[in-house]
Amino acid sequence: MTSGIHHVTLIAADVQANVDFYVGFLGLRLVKQTGGYEDARQLHLFYGDYAATPGSLVTFLIWQGGSAGQAGAGQVSELALAIAPGSIGYWLERALRFQVKVEGTATEFGEPVLRLRDPDGVMVKLVGADVPALAMPAGDIAVEHAIRRIRGVTLLSEVPEETSAFLVQYFGFRDRKQEGTTQRLVSDIGDSLDIRDASGFWPGAPGAGTADHVALRAVDAAEVEAVEYALRQRNSSLTNLHDRNYFTSLYVREPGGTLIEMASDGPGFLLDETLEKLGSTLFVPPDVQEEAEDIKVTLPQFGLPGEERMVYRDLIYTHRFHTPEAVDGSTLVLFHGTGGSETDLMPLAHRAAPRAALLGLRGRATEGGTRRWFRGLAPMLFDQNDIRFEATAMTAFMTEVRTAYGIRPEQMVGLGYSNGANFLAATMLLQPDFAIRRAVLLRPAPVLDTVSDADLAGADILVVSGEGDAYRGKSEALAGLLREAGATVTLQVIPGGHDLGPNDARVIREWLATRLPPA
C-alpha cells in the first residue's frame with residue numbers, strides 16, 4: 001500500500017485574496033479550476049507544484065462571501081508545508097513584506113516552524129523539514145527557499161488512540177513519536193499526520209477558514225476500492241466511493257469525526273489540459289455539461305498575480321460582477337426574486353446579452369430566513385416605509401457604483417424578477433435621480449400604495465408576464481402605471497406561469513438588440 005497525503009481541501013470566502021496568498025505569496029501554481037463535484041455552482045481551486053503532483057496539492061472550496069467557521073474537534077486544524085530547514089528567516093521577512101499575519105515561531109518534533117494565517121484565518125505552518133522537494137513554478141522565490149511539498153496536517157480528535165489506530169490500519173501510516181498531547185504518524189515518503197488530543201474542545205463548525213477534509217494517497221483505483229471493501233466490513237464506517245474524473249475517491253470519517261478521503265494518484269490533472277496550460281481553463285463536472293455555460297457565469301472570477309482583476313469596493317449592498325471575455329461596454333444590473341442571491345439571474349442575463357457585464361445585487365431584507373428586497377406584512381401587503389427606505393439606499397448605492405466602477409448611466413440596464421422586479425419598478429417611480437432608466441421587469445406587480453409626481457419621461461421598460469401567471473393582471477396594471485408616469489413600456493405576454501422559462505431569454509434578447517451595442 002502507498003501511504004502519504006494526496007491533497008488537503010479547505011474553505012475560503014474570498015477567491016481573489018485566496019489566489020493572491022497561495023500563488024502570489026506562497027509561490028504555488030494554480031493547477032486546476034473546476035465547479036465542485038458535490039455542488040457544481042461552487043468554485044474549486046487546486047494549487048500545487050508545477051506538475052500538479054499528489055503530495056503538493058492544496059485545494060479550496062470557494063464560499064464567496066460565506067461566513068467564517070471554527071476549527072475544533074473532528075477537524076483538520078493546521079496545514080503544514082515543507083521548506084528547507086534554513087529558510088525560516090527568509091519566510092518571516094517575506095511574510096512581513098507581504099503583510100501576512102505571523103503567529104510566531106517554534107520547534108515541533110525537532111523541526112523549526114513558522115506559523116502564519118491565510119486571509120481566511122487558516123493556520124499555515126512552514127516547517128523546516130528534510131523531505132524530497134517537488135519542482136515549484138518559476139517566480140520571485142529562489143529555488144532554495146521554495147515550498148517543497150505538503151509536510152502534514154494536524155487532526156483534532158477526542159479519541160486520539162482510535163483515530164491513530166484507524167489511520168495506521170487502513171491508510172498505511174505508521175506511529176512515529178509522541179510530543180506532549182500530539183501523536184505523529186508518518187507515511188512512506190515522510191509526510192505526517194499529527195493527532196492532537198482534543199478532549200474537551202468545542203466541536204468544529206464548517207465555514208471559511210476551516211478544512212473540509214484531508215485526502216490520503218492510493219496508487220490507483222483498485223487500491224481505493226480494496227480499502228473501501230475493507231472499511232465496509234466495519235458496521236460503524238460509512239463510505240462513499242466516487243469518480244472525481246482526475247482521481248478515484250473514497251470518503252470516510254475516522255473515529256474522531258474528521259472527514260478522510262482516499263484519492264488515487266491517477267489519472268491526474270493532465271487528463272484535460274497540457275502541462276504548460278494547467279489551471280488556465282475553468283471546467284465543470286462531466287454530469288452537468290449541458291449547463292456548463294450557465295454554471296460558469298455564476299462562479300466568482302479572479303485574476304492571477306500580475307493579471308487584471310476586479311477590485312471590489314465595500315458598498316452598502318453585497319454585489320458580484322461577471323465580466324465576459326468579449327465585452328460591449330454595457331452592464332446589466334440584476335435584482336433577484338424572493339429567496340434568491342446576487343448570482344441567480346446571471347445565467348439568464350448572459351444568455352440574453354452574452355457580451356454585457358453583469359452586476360448582481362443582493363437584497364437586504366429577510367423574512368423567516370428568506371432574502372427579499374423589502375419587508376412584506378401579508379400576501380400583497382408591503383411595508384411602505386421599508387420600500388421607500390430601500391429605494392433611497394439603492395439610489396445612493398447606484399451613485400457609488402458609478403464612481404467606484406466607472407459605469408455610466410447610459411450603459412446600465414436593470415433586470416429584475418418577481419420581488420426584485422417589484423423593487424426595481426418602485427425605485428424608478430420613487431427616485432427621480434435613480435441611475436437606471438432602462439429596465440426589464442419579469443413577472444412584476446405594483447407594490448406602492450400611492451405614487452405622486454413620478455416622472456419617467458425618457459425611461460424605456462420591458463414588462464414580461466406569464467400567460468398563466470396568477471399575477472398577470474398585476475403585471476399589466478404596473479405596465480399601465482409606468483406608462484402614466486411617462487415611460488415607454490413594452491408589454492410581452494409569453495407562455496408559462498410565474499416561473500422563468502426558456503422564452504424569457506429570447507424576449508429579453510430581442511428587446512435589448514436595439515438598445516445595446518451590436519454583438
# chains A, B, ... in the order shown; residues from 1 in each chain; ligands from 1

call {"tool": "residues_around", "arguments": {"residues": "range 353-355 of chain A", "least_positions_apart": "2", "cutoff": "6 Å", "atoms": "only C-alpha atoms", "output": "PyMOL selection string"}}
result
chain A and resi 326-328+349-351

call {"tool": "residues_around", "arguments": {"residues": "range 178-189 of chain A", "least_positions_apart": "4", "cutoff": "12 Å", "atoms": "only C-alpha atoms", "output": "JSON, numbers by chain"}}
result
{"A": [1, 2, 3, 4, 5, 6, 54, 55, 107, 108, 109, 110, 130, 131, 132, 133, 149, 150, 151, 152, 153, 154, 155, 156, 157, 158, 159, 160, 161, 162, 163, 164, 165, 166, 167, 168, 169, 171, 172, 173, 174, 193, 194, 195, 196, 197, 198, 199, 216, 217, 218]}

call {"tool": "residues_around", "arguments": {"residues": "Ser67 in chain A", "least_positions_apart": "2", "cutoff": "7 Å", "atoms": "only C-alpha atoms", "output": "ChimeraX atom specification"}}
result
/A:65,69,207-208

call {"tool": "write_last_selection", "arguments": {"atoms": "C-alpha atoms", "output": "PDB file, in the first residue's frame"}}
result
ATOM      1  CA  GLY A  65     -18.885  35.912   0.868  1.00  0.00           C
ATOM      2  CA  GLY A  69     -16.203  28.560  10.534  1.00  0.00           C
ATOM      3  CA  GLY A 207     -17.127  27.602   7.179  1.00  0.00           C
ATOM      4  CA  ALA A 208     -14.463  29.844   5.719  1.00  0.00           C
TER       5      ALA A 208
END

call {"tool": "select_by_dssp", "arguments": {"residues": "range 175-405 of chain A", "states": "helix (DSSP H, G or I)", "output": "MDAnalysis selection string"}}
result
chainID A and resid 221:232 269:271 286:298 346:352 384:405

call {"tool": "atom_distance", "arguments": {"atom1": "CA of Ile83 in chain A", "atom2": "CA of Met136 in chain A"}}
result
11.6 Å

call {"tool": "residues_around", "arguments": {"residues": "Leu424 in chain A", "least_positions_apart": "2", "cutoff": "12 Å", "atoms": "only C-alpha atoms", "output": "ChimeraX atom specification"}}
result
/A:333-337,361,363,373-374,387-388,390-392,394-395,413-422,426-431,434-442,444-448,461,463,478,482

call {"tool": "select_by_dssp", "arguments": {"residues": "range 243-464 of chain A", "states": "strand (DSSP E or B)", "output": "ChimeraX atom specification"}}
result
/A:243,247-253,259-267,282-283,319-322,331-335,357-361,365-367,370-372,376-378,381-382,412-417,438-442,460-464

call {"tool": "write_last_selection", "arguments": {"atoms": "C-alpha atoms", "output": "JSON list (two decimals), in the first residue's frame"}}
result
[["chain", "number", "residue", "atom", "x", "y", "z"],
["A", 243, "ASP", "CA", -15.13, 9.01, -9.69],
["A", 247, "PHE", "CA", -8.79, 10.58, -9.38],
["A", 248, "THR", "CA", -10.94, 7.94, -7.74],
["A", 249, "SER", "CA", -12.10, 8.98, -4.28],
["A", 250, "LEU", "CA", -13.26, 7.25, -1.15],
["A", 251, "TYR", "CA", -14.72, 9.27, 1.76],
["A", 252, "VAL", "CA", -14.99, 8.04, 5.33],
["A", 253, "ARG", "CA", -14.99, 9.64, 8.77],
["A", 259, "LEU", "CA", -13.52, 13.53, 7.08],
["A", 260, "ILE", "CA", -10.83, 11.43, 5.39],
["A", 261, "GLU", "CA", -10.62, 10.95, 1.63],
["A", 262, "MET", "CA", -8.52, 8.34, -0.14],
["A", 263, "ALA", "CA", -7.55, 9.51, -3.63],
["A", 264, "SER", "CA", -5.75, 7.65, -6.39],
["A", 265, "ASP", "CA", -2.65, 9.19, -7.95],
["A", 266, "GLY", "CA", -4.13, 8.86, -11.43],
["A", 267, "PRO", "CA", -5.30, 9.62, -13.99],
["A", 282, "LEU", "CA", -12.45, 26.56, -15.93],
["A", 283, "PHE", "CA", -14.05, 23.10, -16.07],
["A", 319, "HIS", "CA", -22.72, 42.58, -5.12],
["A", 320, "ARG", "CA", -20.91, 40.41, -7.66],
["A", 321, "PHE", "CA", -19.62, 41.17, -11.16],
["A", 322, "HIS", "CA", -19.30, 38.80, -14.08],
["A", 331, "THR", "CA", -23.86, 46.49, -17.78],
["A", 332, "LEU", "CA", -26.96, 44.57, -16.76],
["A", 333, "VAL", "CA", -27.84, 45.23, -13.10],
["A", 334, "LEU", "CA", -29.65, 42.21, -11.64],
["A", 335, "PHE", "CA", -32.33, 42.15, -8.91],
["A", 357, "ALA", "CA", -21.03, 42.82, -17.98],
["A", 358, "LEU", "CA", -23.32, 41.58, -15.21],
["A", 359, "LEU", "CA", -23.70, 43.21, -11.81],
["A", 360, "GLY", "CA", -25.72, 41.02, -9.46],
["A", 361, "LEU", "CA", -27.08, 42.60, -6.29],
["A", 365, "ALA", "CA", -34.42, 42.34, 3.85],
["A", 366, "THR", "CA", -35.08, 38.88, 5.28],
["A", 367, "GLU", "CA", -38.29, 37.22, 6.45],
["A", 370, "THR", "CA", -35.79, 34.23, 3.16],
["A", 371, "ARG", "CA", -33.99, 37.04, 1.38],
["A", 372, "ARG", "CA", -36.07, 39.84, -0.18],
["A", 376, "GLY", "CA", -43.89, 42.13, 3.39],
["A", 377, "LEU", "CA", -46.65, 42.34, 6.00],
["A", 378, "ALA", "CA", -49.06, 39.85, 4.40],
["A", 381, "LEU", "CA", -49.35, 43.85, 1.55],
["A", 382, "PHE", "CA", -45.97, 45.54, 1.88],
["A", 412, "MET", "CA", -26.92, 50.36, -17.48],
["A", 413, "VAL", "CA", -29.99, 48.21, -17.92],
["A", 414, "GLY", "CA", -31.82, 46.93, -14.85],
["A", 415, "LEU", "CA", -33.18, 43.38, -14.88],
["A", 416, "GLY", "CA", -35.43, 42.20, -12.06],
["A", 417, "TYR", "CA", -37.54, 39.12, -11.39],
["A", 438, "ARG", "CA", -33.87, 51.23, -18.92],
["A", 439, "ALA", "CA", -35.26, 48.11, -17.28],
["A", 440, "VAL", "CA", -36.57, 44.60, -17.86],
["A", 441, "LEU", "CA", -39.26, 43.58, -15.34],
["A", 442, "LEU", "CA", -40.05, 39.86, -15.24],
["A", 460, "ASP", "CA", -37.63, 52.58, -21.52],
["A", 461, "ILE", "CA", -39.12, 49.47, -19.87],
["A", 462, "LEU", "CA", -39.90, 45.89, -20.92],
["A", 463, "VAL", "CA", -42.55, 44.10, -18.82],
["A", 464, "VAL", "CA", -42.71, 40.32, -19.32]]
